[in-house]
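Text of the file work-v8.cif, holding mmCIF, N, CA and C atoms and all ligand atoms:
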data_coords
#
loop_
_atom_site.label_atom_id
_atom_site.label_comp_id
_atom_site.auth_asym_id
_atom_site.auth_seq_id
_atom_site.Cartn_x
_atom_site.Cartn_y
_atom_site.Cartn_z
N MET A 6 -19.97 -46.53 -22.26
CA MET A 6 -18.54 -46.63 -21.96
C MET A 6 -17.73 -46.08 -23.13
N PHE A 7 -16.77 -45.26 -22.81
CA PHE A 7 -15.87 -44.71 -23.81
C PHE A 7 -14.48 -45.30 -23.60
N ARG A 8 -13.79 -45.47 -24.70
CA ARG A 8 -12.44 -46.06 -24.61
C ARG A 8 -11.50 -45.26 -25.52
N VAL A 9 -10.34 -44.92 -25.01
CA VAL A 9 -9.31 -44.31 -25.84
C VAL A 9 -8.05 -45.16 -25.74
N THR A 10 -7.28 -45.12 -26.80
CA THR A 10 -6.05 -45.93 -26.86
C THR A 10 -4.90 -45.07 -27.34
N LYS A 11 -3.79 -45.19 -26.65
CA LYS A 11 -2.59 -44.43 -27.02
C LYS A 11 -1.44 -45.41 -27.24
N GLU A 12 -0.71 -45.20 -28.31
CA GLU A 12 0.47 -46.04 -28.58
C GLU A 12 1.73 -45.26 -28.20
N VAL A 13 2.64 -45.96 -27.55
CA VAL A 13 3.94 -45.37 -27.19
C VAL A 13 5.03 -46.31 -27.69
N HIS A 14 5.88 -45.81 -28.53
CA HIS A 14 6.98 -46.62 -29.09
C HIS A 14 8.25 -46.42 -28.28
N PHE A 15 8.96 -47.49 -28.04
CA PHE A 15 10.25 -47.36 -27.35
C PHE A 15 11.12 -48.57 -27.68
N CYS A 16 12.42 -48.40 -27.48
CA CYS A 16 13.38 -49.47 -27.73
C CYS A 16 13.93 -49.95 -26.40
N TYR A 17 14.16 -51.24 -26.29
CA TYR A 17 14.73 -51.74 -25.05
C TYR A 17 15.59 -52.97 -25.34
N GLY A 18 16.55 -53.16 -24.44
CA GLY A 18 17.33 -54.39 -24.47
C GLY A 18 16.88 -55.26 -23.31
N HIS A 19 17.07 -56.55 -23.46
CA HIS A 19 16.73 -57.45 -22.35
C HIS A 19 17.33 -58.82 -22.60
N ARG A 20 17.18 -59.69 -21.64
CA ARG A 20 17.34 -61.12 -21.85
C ARG A 20 16.52 -61.80 -20.76
N LEU A 21 16.13 -63.05 -21.04
CA LEU A 21 15.27 -63.78 -20.12
C LEU A 21 16.06 -64.86 -19.41
N LEU A 22 15.87 -64.96 -18.11
CA LEU A 22 16.54 -65.99 -17.32
C LEU A 22 15.82 -67.32 -17.48
N ASN A 23 16.58 -68.41 -17.44
CA ASN A 23 16.02 -69.77 -17.45
C ASN A 23 15.13 -70.01 -18.66
N TYR A 24 15.58 -69.50 -19.80
CA TYR A 24 14.78 -69.59 -21.01
C TYR A 24 15.66 -70.15 -22.12
N ALA A 25 15.11 -71.06 -22.91
CA ALA A 25 15.93 -71.75 -23.90
C ALA A 25 15.88 -71.12 -25.28
N GLY A 26 15.02 -70.13 -25.51
CA GLY A 26 14.86 -69.56 -26.85
C GLY A 26 15.80 -68.40 -27.12
N LYS A 27 15.53 -67.68 -28.21
CA LYS A 27 16.39 -66.58 -28.65
C LYS A 27 16.56 -65.51 -27.59
N CYS A 28 15.53 -65.29 -26.78
CA CYS A 28 15.57 -64.19 -25.82
C CYS A 28 16.44 -64.50 -24.60
N ARG A 29 17.19 -65.63 -24.64
CA ARG A 29 18.07 -65.91 -23.49
C ARG A 29 19.33 -65.07 -23.53
N HIS A 30 19.69 -64.57 -24.73
CA HIS A 30 20.91 -63.77 -24.86
C HIS A 30 20.56 -62.29 -24.93
N LEU A 31 21.51 -61.45 -24.56
CA LEU A 31 21.29 -60.00 -24.61
C LEU A 31 20.96 -59.59 -26.04
N HIS A 32 19.88 -58.83 -26.19
CA HIS A 32 19.45 -58.35 -27.52
C HIS A 32 18.42 -57.25 -27.29
N GLY A 33 17.92 -56.68 -28.37
CA GLY A 33 16.97 -55.59 -28.22
C GLY A 33 15.70 -55.77 -29.03
N HIS A 34 14.68 -54.97 -28.68
CA HIS A 34 13.42 -54.96 -29.42
C HIS A 34 12.99 -53.52 -29.66
N ASN A 35 12.30 -53.31 -30.78
CA ASN A 35 11.57 -52.06 -30.99
C ASN A 35 10.15 -52.34 -30.52
N GLY A 36 9.86 -51.93 -29.29
CA GLY A 36 8.58 -52.26 -28.67
C GLY A 36 7.54 -51.17 -28.88
N LYS A 37 6.30 -51.56 -28.67
CA LYS A 37 5.19 -50.60 -28.73
C LYS A 37 4.22 -50.94 -27.62
N ALA A 38 3.97 -49.97 -26.75
CA ALA A 38 2.96 -50.15 -25.71
C ALA A 38 1.65 -49.56 -26.21
N VAL A 39 0.58 -50.32 -26.11
CA VAL A 39 -0.75 -49.86 -26.50
C VAL A 39 -1.57 -49.78 -25.22
N VAL A 40 -1.85 -48.55 -24.81
CA VAL A 40 -2.47 -48.30 -23.50
C VAL A 40 -3.93 -47.94 -23.71
N THR A 41 -4.82 -48.68 -23.07
CA THR A 41 -6.26 -48.46 -23.21
C THR A 41 -6.83 -47.89 -21.92
N LEU A 42 -7.56 -46.79 -22.06
CA LEU A 42 -8.19 -46.11 -20.92
C LEU A 42 -9.70 -46.08 -21.18
N GLU A 43 -10.47 -46.20 -20.12
CA GLU A 43 -11.93 -46.19 -20.28
C GLU A 43 -12.58 -45.31 -19.23
N ALA A 44 -13.73 -44.77 -19.59
CA ALA A 44 -14.53 -43.99 -18.64
C ALA A 44 -16.00 -44.13 -19.02
N ALA A 45 -16.85 -44.19 -18.01
CA ALA A 45 -18.29 -44.29 -18.26
C ALA A 45 -18.84 -42.97 -18.77
N ALA A 46 -18.20 -41.86 -18.37
CA ALA A 46 -18.66 -40.53 -18.78
C ALA A 46 -17.46 -39.71 -19.21
N LEU A 47 -17.71 -38.75 -20.08
CA LEU A 47 -16.64 -37.89 -20.56
C LEU A 47 -16.47 -36.67 -19.67
N ASP A 48 -15.29 -36.06 -19.75
CA ASP A 48 -15.07 -34.83 -18.99
C ASP A 48 -15.73 -33.66 -19.71
N ALA A 49 -15.51 -32.44 -19.17
CA ALA A 49 -16.18 -31.26 -19.72
C ALA A 49 -15.75 -30.98 -21.16
N LEU A 50 -14.58 -31.47 -21.54
CA LEU A 50 -14.10 -31.26 -22.91
C LEU A 50 -14.60 -32.32 -23.87
N GLY A 51 -15.29 -33.35 -23.32
CA GLY A 51 -15.75 -34.44 -24.18
C GLY A 51 -14.71 -35.51 -24.38
N MET A 52 -13.83 -35.68 -23.41
CA MET A 52 -12.73 -36.65 -23.53
C MET A 52 -12.74 -37.64 -22.36
N VAL A 53 -12.17 -38.84 -22.62
CA VAL A 53 -11.85 -39.76 -21.52
C VAL A 53 -10.63 -39.20 -20.79
N VAL A 54 -9.54 -39.08 -21.50
CA VAL A 54 -8.32 -38.40 -21.05
C VAL A 54 -7.71 -37.81 -22.31
N ASP A 55 -7.24 -36.59 -22.22
CA ASP A 55 -6.59 -35.94 -23.36
C ASP A 55 -5.39 -36.78 -23.81
N PHE A 56 -5.33 -37.10 -25.10
CA PHE A 56 -4.20 -37.90 -25.60
C PHE A 56 -2.86 -37.26 -25.22
N SER A 57 -2.82 -35.93 -25.28
CA SER A 57 -1.54 -35.28 -24.96
C SER A 57 -1.19 -35.44 -23.49
N ALA A 58 -2.19 -35.57 -22.62
CA ALA A 58 -1.91 -35.80 -21.20
C ALA A 58 -1.34 -37.21 -20.98
N ILE A 59 -1.85 -38.17 -21.74
CA ILE A 59 -1.31 -39.54 -21.64
C ILE A 59 0.16 -39.52 -22.06
N LYS A 60 0.43 -38.81 -23.15
CA LYS A 60 1.81 -38.73 -23.63
C LYS A 60 2.69 -38.02 -22.61
N ARG A 61 2.19 -36.94 -22.03
CA ARG A 61 2.98 -36.13 -21.10
C ARG A 61 3.30 -36.92 -19.83
N VAL A 62 2.35 -37.72 -19.36
CA VAL A 62 2.52 -38.43 -18.09
C VAL A 62 3.17 -39.80 -18.32
N LEU A 63 2.44 -40.68 -19.00
CA LEU A 63 2.93 -42.05 -19.15
C LEU A 63 4.02 -42.14 -20.23
N GLY A 64 3.83 -41.39 -21.31
CA GLY A 64 4.83 -41.42 -22.38
C GLY A 64 6.17 -40.93 -21.88
N LYS A 65 6.15 -39.92 -21.05
CA LYS A 65 7.41 -39.39 -20.51
C LYS A 65 8.08 -40.42 -19.60
N TRP A 66 7.27 -41.12 -18.80
CA TRP A 66 7.85 -42.13 -17.91
C TRP A 66 8.48 -43.26 -18.73
N ILE A 67 7.78 -43.72 -19.77
CA ILE A 67 8.34 -44.78 -20.62
C ILE A 67 9.63 -44.28 -21.25
N ASP A 68 9.62 -43.03 -21.72
CA ASP A 68 10.81 -42.46 -22.35
C ASP A 68 11.98 -42.40 -21.36
N ASP A 69 11.70 -42.00 -20.15
CA ASP A 69 12.77 -41.83 -19.15
C ASP A 69 13.23 -43.16 -18.57
N ALA A 70 12.28 -44.05 -18.28
CA ALA A 70 12.60 -45.25 -17.48
C ALA A 70 12.88 -46.48 -18.34
N LEU A 71 12.28 -46.58 -19.52
CA LEU A 71 12.38 -47.82 -20.29
C LEU A 71 13.07 -47.66 -21.64
N ASP A 72 12.94 -46.50 -22.27
CA ASP A 72 13.47 -46.34 -23.63
C ASP A 72 15.00 -46.41 -23.64
N HIS A 73 15.53 -47.23 -24.53
CA HIS A 73 16.99 -47.43 -24.64
C HIS A 73 17.62 -47.89 -23.34
N ARG A 74 16.86 -48.65 -22.55
CA ARG A 74 17.38 -49.22 -21.31
C ARG A 74 17.53 -50.73 -21.47
N LEU A 75 18.45 -51.27 -20.68
CA LEU A 75 18.63 -52.70 -20.60
C LEU A 75 17.80 -53.20 -19.42
N LEU A 76 16.79 -54.03 -19.71
CA LEU A 76 15.84 -54.49 -18.69
C LEU A 76 16.18 -55.93 -18.34
N LEU A 77 16.45 -56.16 -17.06
CA LEU A 77 16.91 -57.47 -16.61
C LEU A 77 16.12 -57.97 -15.42
N HIS A 78 16.09 -59.30 -15.27
CA HIS A 78 15.60 -59.88 -14.02
C HIS A 78 16.57 -59.50 -12.91
N ALA A 79 16.03 -59.20 -11.74
CA ALA A 79 16.88 -58.77 -10.62
C ALA A 79 17.93 -59.82 -10.25
N ASP A 80 17.69 -61.08 -10.60
CA ASP A 80 18.65 -62.14 -10.30
C ASP A 80 19.64 -62.42 -11.43
N ASP A 81 19.60 -61.59 -12.49
CA ASP A 81 20.46 -61.87 -13.64
C ASP A 81 21.94 -61.84 -13.22
N PRO A 82 22.67 -62.90 -13.51
CA PRO A 82 24.08 -62.95 -13.07
C PRO A 82 25.01 -61.98 -13.80
N ILE A 83 24.52 -61.28 -14.82
CA ILE A 83 25.38 -60.31 -15.49
C ILE A 83 25.46 -58.99 -14.73
N ILE A 84 24.60 -58.80 -13.74
CA ILE A 84 24.51 -57.50 -13.05
C ILE A 84 25.85 -57.08 -12.41
N PRO A 85 26.55 -57.95 -11.71
CA PRO A 85 27.83 -57.50 -11.14
C PRO A 85 28.80 -56.98 -12.19
N GLU A 86 28.80 -57.58 -13.38
CA GLU A 86 29.69 -57.10 -14.44
C GLU A 86 29.25 -55.72 -14.95
N LEU A 87 27.94 -55.52 -15.08
CA LEU A 87 27.43 -54.21 -15.52
C LEU A 87 27.80 -53.13 -14.50
N LEU A 88 27.70 -53.47 -13.21
CA LEU A 88 28.08 -52.52 -12.17
C LEU A 88 29.57 -52.20 -12.27
N ARG A 89 30.38 -53.25 -12.50
CA ARG A 89 31.82 -53.05 -12.60
C ARG A 89 32.17 -52.14 -13.78
N GLN A 90 31.39 -52.27 -14.87
CA GLN A 90 31.65 -51.47 -16.08
C GLN A 90 30.99 -50.09 -16.01
N GLY A 91 30.19 -49.85 -14.97
CA GLY A 91 29.51 -48.56 -14.86
C GLY A 91 28.36 -48.38 -15.83
N GLU A 92 27.79 -49.51 -16.30
CA GLU A 92 26.69 -49.44 -17.26
C GLU A 92 25.34 -49.25 -16.54
N PRO A 93 24.46 -48.42 -17.09
CA PRO A 93 23.13 -48.30 -16.49
C PRO A 93 22.25 -49.49 -16.88
N PHE A 94 21.30 -49.83 -16.02
CA PHE A 94 20.34 -50.88 -16.34
C PHE A 94 19.14 -50.75 -15.40
N VAL A 95 18.13 -51.54 -15.71
CA VAL A 95 16.90 -51.55 -14.92
C VAL A 95 16.61 -52.99 -14.55
N THR A 96 16.28 -53.24 -13.30
CA THR A 96 15.91 -54.60 -12.92
C THR A 96 14.43 -54.67 -12.57
N LEU A 97 13.86 -55.84 -12.85
CA LEU A 97 12.47 -56.14 -12.47
C LEU A 97 12.48 -57.34 -11.53
N SER A 98 11.44 -57.46 -10.74
CA SER A 98 11.32 -58.58 -9.82
C SER A 98 10.83 -59.84 -10.54
N ALA A 99 10.76 -59.79 -11.86
CA ALA A 99 10.33 -60.93 -12.67
C ALA A 99 11.05 -60.84 -14.01
N ASN A 100 10.99 -61.89 -14.81
CA ASN A 100 11.62 -61.86 -16.12
C ASN A 100 11.03 -60.71 -16.96
N PRO A 101 11.86 -59.97 -17.69
CA PRO A 101 11.37 -58.85 -18.50
C PRO A 101 10.73 -59.32 -19.81
N THR A 102 9.68 -60.11 -19.69
CA THR A 102 8.93 -60.59 -20.84
C THR A 102 7.95 -59.51 -21.30
N ALA A 103 7.37 -59.71 -22.47
CA ALA A 103 6.34 -58.78 -22.95
C ALA A 103 5.18 -58.72 -21.96
N GLU A 104 4.83 -59.87 -21.37
CA GLU A 104 3.74 -59.91 -20.40
C GLU A 104 4.04 -59.02 -19.20
N ASN A 105 5.25 -59.17 -18.66
CA ASN A 105 5.59 -58.40 -17.46
C ASN A 105 5.81 -56.92 -17.77
N LEU A 106 6.31 -56.61 -18.97
CA LEU A 106 6.45 -55.19 -19.33
C LEU A 106 5.08 -54.55 -19.51
N ALA A 107 4.13 -55.29 -20.08
CA ALA A 107 2.75 -54.78 -20.18
C ALA A 107 2.21 -54.48 -18.78
N ARG A 108 2.47 -55.40 -17.87
CA ARG A 108 1.97 -55.22 -16.50
C ARG A 108 2.67 -54.06 -15.80
N LEU A 109 3.97 -53.91 -16.01
CA LEU A 109 4.72 -52.81 -15.41
C LEU A 109 4.15 -51.46 -15.87
N ILE A 110 3.88 -51.35 -17.17
CA ILE A 110 3.36 -50.10 -17.71
C ILE A 110 1.93 -49.86 -17.21
N PHE A 111 1.15 -50.95 -17.12
CA PHE A 111 -0.21 -50.82 -16.56
C PHE A 111 -0.14 -50.25 -15.15
N GLU A 112 0.71 -50.85 -14.32
CA GLU A 112 0.78 -50.44 -12.91
C GLU A 112 1.24 -48.99 -12.79
N ARG A 113 2.16 -48.57 -13.65
CA ARG A 113 2.59 -47.18 -13.63
C ARG A 113 1.45 -46.25 -14.03
N ALA A 114 0.70 -46.62 -15.08
CA ALA A 114 -0.42 -45.79 -15.52
C ALA A 114 -1.46 -45.65 -14.41
N ALA A 115 -1.73 -46.76 -13.72
CA ALA A 115 -2.71 -46.71 -12.62
C ALA A 115 -2.18 -45.82 -11.49
N THR A 116 -0.90 -45.95 -11.18
CA THR A 116 -0.29 -45.10 -10.14
C THR A 116 -0.39 -43.63 -10.51
N ASP A 117 -0.28 -43.34 -11.79
CA ASP A 117 -0.38 -41.96 -12.26
C ASP A 117 -1.82 -41.45 -12.29
N GLY A 118 -2.78 -42.30 -11.91
CA GLY A 118 -4.17 -41.88 -11.85
C GLY A 118 -4.91 -41.98 -13.16
N LEU A 119 -4.30 -42.61 -14.16
CA LEU A 119 -4.99 -42.78 -15.45
C LEU A 119 -6.00 -43.93 -15.34
N PRO A 120 -7.19 -43.79 -15.95
CA PRO A 120 -8.20 -44.86 -15.87
C PRO A 120 -7.89 -46.01 -16.83
N VAL A 121 -6.71 -46.61 -16.65
CA VAL A 121 -6.22 -47.65 -17.56
C VAL A 121 -6.98 -48.95 -17.31
N THR A 122 -7.32 -49.64 -18.39
CA THR A 122 -8.01 -50.93 -18.26
C THR A 122 -7.17 -52.08 -18.81
N GLU A 123 -6.28 -51.80 -19.74
CA GLU A 123 -5.36 -52.83 -20.19
C GLU A 123 -4.20 -52.21 -20.94
N VAL A 124 -3.09 -52.95 -20.94
CA VAL A 124 -1.92 -52.53 -21.71
C VAL A 124 -1.45 -53.73 -22.52
N THR A 125 -1.21 -53.49 -23.80
CA THR A 125 -0.63 -54.50 -24.68
C THR A 125 0.79 -54.07 -25.04
N LEU A 126 1.70 -55.00 -24.93
CA LEU A 126 3.09 -54.70 -25.29
C LEU A 126 3.44 -55.52 -26.52
N TRP A 127 3.69 -54.81 -27.62
CA TRP A 127 4.16 -55.47 -28.84
C TRP A 127 5.67 -55.61 -28.74
N GLU A 128 6.14 -56.84 -28.75
CA GLU A 128 7.58 -57.07 -28.68
C GLU A 128 8.19 -57.12 -30.07
N THR A 129 7.45 -57.67 -31.00
CA THR A 129 7.83 -57.67 -32.41
C THR A 129 6.58 -57.31 -33.21
N GLU A 130 6.71 -57.28 -34.55
CA GLU A 130 5.54 -56.94 -35.37
C GLU A 130 4.48 -58.02 -35.35
N THR A 131 4.83 -59.21 -34.85
CA THR A 131 3.86 -60.30 -34.87
C THR A 131 3.57 -60.89 -33.49
N SER A 132 4.22 -60.38 -32.45
CA SER A 132 4.04 -60.97 -31.11
C SER A 132 3.74 -59.89 -30.10
N PHE A 133 2.65 -60.08 -29.36
CA PHE A 133 2.31 -59.11 -28.33
C PHE A 133 1.65 -59.81 -27.16
N ALA A 134 1.72 -59.15 -26.00
CA ALA A 134 1.12 -59.67 -24.78
C ALA A 134 0.28 -58.57 -24.14
N THR A 135 -0.81 -58.97 -23.52
CA THR A 135 -1.72 -58.00 -22.90
C THR A 135 -1.86 -58.30 -21.42
N TYR A 136 -1.82 -57.24 -20.62
CA TYR A 136 -2.11 -57.37 -19.19
C TYR A 136 -3.39 -56.61 -18.86
N ARG A 137 -4.28 -57.30 -18.18
CA ARG A 137 -5.50 -56.70 -17.66
C ARG A 137 -5.69 -57.35 -16.29
N PRO A 138 -5.86 -56.58 -15.22
CA PRO A 138 -5.98 -57.20 -13.89
C PRO A 138 -7.17 -58.15 -13.83
N THR A 139 -7.00 -59.22 -13.06
CA THR A 139 -8.10 -60.14 -12.81
C THR A 139 -8.95 -59.57 -11.69
N PRO A 140 -10.24 -59.32 -11.94
CA PRO A 140 -11.06 -58.71 -10.88
C PRO A 140 -11.05 -59.56 -9.61
N GLY A 141 -10.86 -58.89 -8.48
CA GLY A 141 -10.96 -59.57 -7.20
C GLY A 141 -9.70 -60.29 -6.76
N THR A 142 -8.73 -60.42 -7.66
CA THR A 142 -7.49 -61.10 -7.27
C THR A 142 -6.29 -60.24 -7.68
N PRO A 143 -6.04 -59.20 -6.91
CA PRO A 143 -4.93 -58.31 -7.29
C PRO A 143 -3.60 -59.03 -7.28
N ASP A 144 -2.83 -58.82 -8.32
CA ASP A 144 -1.49 -59.39 -8.39
C ASP A 144 -0.57 -58.59 -7.47
N VAL A 145 0.46 -59.24 -6.96
CA VAL A 145 1.50 -58.52 -6.23
C VAL A 145 2.22 -57.63 -7.25
N PRO A 146 2.29 -56.32 -6.99
CA PRO A 146 2.91 -55.44 -7.99
C PRO A 146 4.36 -55.82 -8.27
N LEU A 147 4.76 -55.62 -9.51
CA LEU A 147 6.17 -55.81 -9.86
C LEU A 147 6.99 -54.72 -9.18
N THR A 148 8.20 -55.03 -8.83
CA THR A 148 9.08 -53.97 -8.37
C THR A 148 10.16 -53.75 -9.42
N MET A 149 10.55 -52.50 -9.51
CA MET A 149 11.50 -52.09 -10.55
C MET A 149 12.58 -51.24 -9.89
N ARG A 150 13.82 -51.42 -10.33
CA ARG A 150 14.92 -50.62 -9.77
C ARG A 150 15.77 -50.11 -10.91
N GLU A 151 16.01 -48.81 -10.91
CA GLU A 151 16.84 -48.20 -11.94
C GLU A 151 18.24 -48.00 -11.36
N VAL A 152 19.24 -48.48 -12.08
CA VAL A 152 20.62 -48.31 -11.66
C VAL A 152 21.29 -47.37 -12.68
N ALA A 153 21.69 -46.22 -12.21
CA ALA A 153 22.33 -45.23 -13.08
C ALA A 153 23.76 -45.68 -13.38
N GLY A 154 24.19 -45.44 -14.56
CA GLY A 154 25.57 -45.76 -14.91
C GLY A 154 26.52 -44.73 -14.29
N THR A 155 27.79 -45.05 -14.30
CA THR A 155 28.78 -44.12 -13.75
C THR A 155 29.61 -43.48 -14.85
N LYS A 156 29.27 -43.75 -16.10
CA LYS A 156 30.04 -43.16 -17.21
C LYS A 156 29.39 -41.87 -17.68
ZN ZN B 201 13.54 -60.58 -26.49
#

Would you mind writing the file's structure down as structure tokens?
Ligand SMILES: [Zn+2]
Amino acid sequence: MFRVTKEVHFCYGHRLLNYAGKCRHLHGHNGKAVVTLEAAALDALGMVVDFSAIKRVLGKWIDDALDHRLLLHADDPIIPELLRQGEPFVTLSANPTAENLARLIFERAATDGLPVTEVTLWETETSFATYRPTPGTPDVPLTMREVAGTK
């Protein structure tokens, strides 16, 4: 078994619903996604997946969809005000925790056809969460909606 790992750095804003800690208020993180891909055999070039291909496919999606975006739960009551102000944001069908962001990136990598086995999302330099599917019990995929700003 061969394993390759690619790190993708991005910044995001968020807040968590129904949460009593610091992350209940709007704020930002310098996040890092650590994406692990595995293959039993290498391709003709001797690679699992070319690092530059991971960057081109998944890195570009993270850059376009998540970097410098405000990530909110779809039920966040601030959404009507953001719409009124013409601000762009992204909603998830779950709280935008490190766990759920790891899972979102995993699901995107799998959709892109990458042989992803796990994704770790570093929210701070000391806190990270990892998503790896549980064999035989597929999770209901997260849904994500991008709302473009009007400014
Ligand atoms: Zn936070």

message: Let me make sure I understand: among A:Val152, A:Ala115, A:Val95, A:Ala103, which one has the smallest atom-to-atom distance to Ser132 in chain A if we use only C-alpha atoms?
response: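 When distances to Ser132 in chain A are compared using only C-alpha atoms, the smallest one comes from A:Ala103.
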
message: Applying 8 Å and only N, CA and C atoms, which residues near Ile67 in chain A remain after dropping the ones on its own chain fewer than 5 positions away? List them as a VMD selection string.
response: chain A and resid 13 to 16 62 72 to 73 110

Closest of A:Lys27, A:His19, A:Glu12, A:Leu42 to Pro120 in chain A - atom-to-atom distances counting only C-alpha atoms: A:Leu42

- request: Rounded to one decimal place, report the CA of Val39 in chain A-CA of Lys11 in chain A distance in Å.
  value: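 CA of Lys11 in chain A lies at a distance of 5.8 Å from CA of Val39 in chain A.
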
Residue contacts of range 97-102 of chain A (7 Å, only C-alpha atoms) excluding same-chain residues fewer than 6 positions away, as a PyMOL selection string: chain A and resi 19+21-22+76-79+147-150

Restricting the output to N, CA and C atoms, write the selected residues as a compact mmCIF listing (two decimals), in the coordinates of the input.
# COMPACT_ATOMS: atom_id res chain seq x y z
N HIS A 19 17.07 -56.55 -23.46
CA HIS A 19 16.73 -57.45 -22.35
C HIS A 19 17.33 -58.82 -22.60
N LEU A 21 16.13 -63.05 -21.04
CA LEU A 21 15.27 -63.78 -20.12
C LEU A 21 16.06 -64.86 -19.41
N LEU A 22 15.87 -64.96 -18.11
CA LEU A 22 16.54 -65.99 -17.32
C LEU A 22 15.82 -67.32 -17.48
N LEU A 76 16.79 -54.03 -19.71
CA LEU A 76 15.84 -54.49 -18.69
C LEU A 76 16.18 -55.93 -18.34
N LEU A 77 16.45 -56.16 -17.06
CA LEU A 77 16.91 -57.47 -16.61
C LEU A 77 16.12 -57.97 -15.42
N HIS A 78 16.09 -59.30 -15.27
CA HIS A 78 15.60 -59.88 -14.02
C HIS A 78 16.57 -59.50 -12.91
N ALA A 79 16.03 -59.20 -11.74
CA ALA A 79 16.88 -58.77 -10.62
C ALA A 79 17.93 -59.82 -10.25
N LEU A 147 4.76 -55.62 -9.51
CA LEU A 147 6.17 -55.81 -9.86
C LEU A 147 6.99 -54.72 -9.18
N THR A 148 8.20 -55.03 -8.83
CA THR A 148 9.08 -53.97 -8.37
C THR A 148 10.16 -53.75 -9.42
N MET A 149 10.55 -52.50 -9.51
CA MET A 149 11.50 -52.09 -10.55
C MET A 149 12.58 -51.24 -9.89
N ARG A 150 13.82 -51.42 -10.33
CA ARG A 150 14.92 -50.62 -9.77
C ARG A 150 15.77 -50.11 -10.91

query: Can you tell me, as a list of chain:residue names, what residues are no more than 6 Å from range 135-140 of chain A when counting all atoms listed in the file, ignoring any on the same chain fewer than 5 positions away?
result: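 The contact residues come out as A:Glu104, A:Ala107, A:Arg108, A:Thr122, A:Glu123, A:Val124, A:Thr125, A:Leu126.
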
Convert the current residue selection to file output with N, CA and C atoms, as a PDB file, in the frame of the given file.
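Dumped to selection15.pdb:
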ATOM      1  N   GLU A 104       4.830 -59.870 -21.370  1.00  0.00           N
ATOM      2  CA  GLU A 104       3.740 -59.910 -20.400  1.00  0.00           C
ATOM      3  C   GLU A 104       4.040 -59.020 -19.200  1.00  0.00           C
ATOM      4  N   ALA A 107       4.130 -55.290 -20.080  1.00  0.00           N
ATOM      5  CA  ALA A 107       2.750 -54.780 -20.180  1.00  0.00           C
ATOM      6  C   ALA A 107       2.210 -54.480 -18.780  1.00  0.00           C
ATOM      7  N   ARG A 108       2.470 -55.400 -17.870  1.00  0.00           N
ATOM      8  CA  ARG A 108       1.970 -55.220 -16.500  1.00  0.00           C
ATOM      9  C   ARG A 108       2.670 -54.060 -15.800  1.00  0.00           C
ATOM     10  N   THR A 122      -7.320 -49.640 -18.390  1.00  0.00           N
ATOM     11  CA  THR A 122      -8.010 -50.930 -18.260  1.00  0.00           C
ATOM     12  C   THR A 122      -7.170 -52.080 -18.810  1.00  0.00           C
ATOM     13  N   GLU A 123      -6.280 -51.800 -19.740  1.00  0.00           N
ATOM     14  CA  GLU A 123      -5.360 -52.830 -20.190  1.00  0.00           C
ATOM     15  C   GLU A 123      -4.200 -52.210 -20.940  1.00  0.00           C
ATOM     16  N   VAL A 124      -3.090 -52.950 -20.940  1.00  0.00           N
ATOM     17  CA  VAL A 124      -1.920 -52.530 -21.710  1.00  0.00           C
ATOM     18  C   VAL A 124      -1.450 -53.730 -22.520  1.00  0.00           C
ATOM     19  N   THR A 125      -1.210 -53.490 -23.800  1.00  0.00           N
ATOM     20  CA  THR A 125      -0.630 -54.500 -24.680  1.00  0.00           C
ATOM     21  C   THR A 125       0.790 -54.070 -25.040  1.00  0.00           C
ATOM     22  N   LEU A 126       1.700 -55.000 -24.930  1.00  0.00           N
ATOM     23  CA  LEU A 126       3.090 -54.700 -25.290  1.00  0.00           C
ATOM     24  C   LEU A 126       3.440 -55.520 -26.520  1.00  0.00           C
TER      25      LEU A 126
END

task: Quick one: pull the distance between CA of Thr116 in chain A and atom C of Val145 in chain A, Å, one decimal.
output: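 Between CA of Thr116 in chain A and atom C of Val145 in chain A the gap is 13.1 Å.
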
- request: Give me, please, the distance in Å between CA of Gln90 in chain A and CA of Ala153 in chain A, quoted to one decimal.
  value: 11.6 Å

Shell of 6 Å around Val53 in chain A, only N, CA and C atoms, local chain residues under 5 positions omitted, as a list in words: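 With the cut-off at 6 Å, the set is Ala44, Leu47 and Asp48 of chain A.
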
Convert the current residue selection to file output with N, CA and C atoms, as a short mmCIF file (atom, residue, chain, number, x, y, z; two decimals), in the frame of the given file.
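again_31.cif, written as the output of this step:
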data_model
loop_
_atom_site.label_atom_id
_atom_site.label_comp_id
_atom_site.auth_asym_id
_atom_site.auth_seq_id
_atom_site.Cartn_x
_atom_site.Cartn_y
_atom_site.Cartn_z
N ALA A 44 -13.73 -44.77 -19.59
CA ALA A 44 -14.53 -43.99 -18.64
C ALA A 44 -16.00 -44.13 -19.02
N LEU A 47 -17.71 -38.75 -20.08
CA LEU A 47 -16.64 -37.89 -20.56
C LEU A 47 -16.47 -36.67 -19.67
N ASP A 48 -15.29 -36.06 -19.75
CA ASP A 48 -15.07 -34.83 -18.99
C ASP A 48 -15.73 -33.66 -19.71
#

message: Distance limit 10 Å, reference ligand ZN 201 (chain B), atoms considered: only C-alpha atoms and all ligand atoms. Which residues make the cut? Give them as a list in words.
response: Tyr17, Gly18, His19, Arg20, Leu21, Gly26, Lys27, Cys28, Arg29, His30, Leu31, His32, Gly33, His34, Asn35, Gly36, Pro101, Thr102, Ala103, Glu128 and Thr129 of chain A

field: Members of chain A assigned strand (DSSP E) by DSSP, as JSON, numbers by chain
entry: {"A": [7, 8, 9, 10, 11, 12, 13, 14, 15, 16, 17, 18, 19, 32, 33, 34, 35, 36, 37, 38, 39, 40, 41, 42, 43, 44, 74, 75, 76, 77, 78, 94, 95, 96, 97, 121, 122, 123, 124, 125, 126, 127, 133, 134, 135, 136, 149, 150, 151, 152]}

- request: Pick out each residue of chain A that DSSP on the backbone tags as alpha helix (DSSP H); I need them as a PyMOL selection string.
  value: chain A and resi 56-59+65-70+84-90+103-116

statement: With distances taken over only C-alpha atoms, the candidate from A:Thr96, A:Phe56, A:Ala46, A:Phe133 nearest Leu75 in chain A is A:Thr96
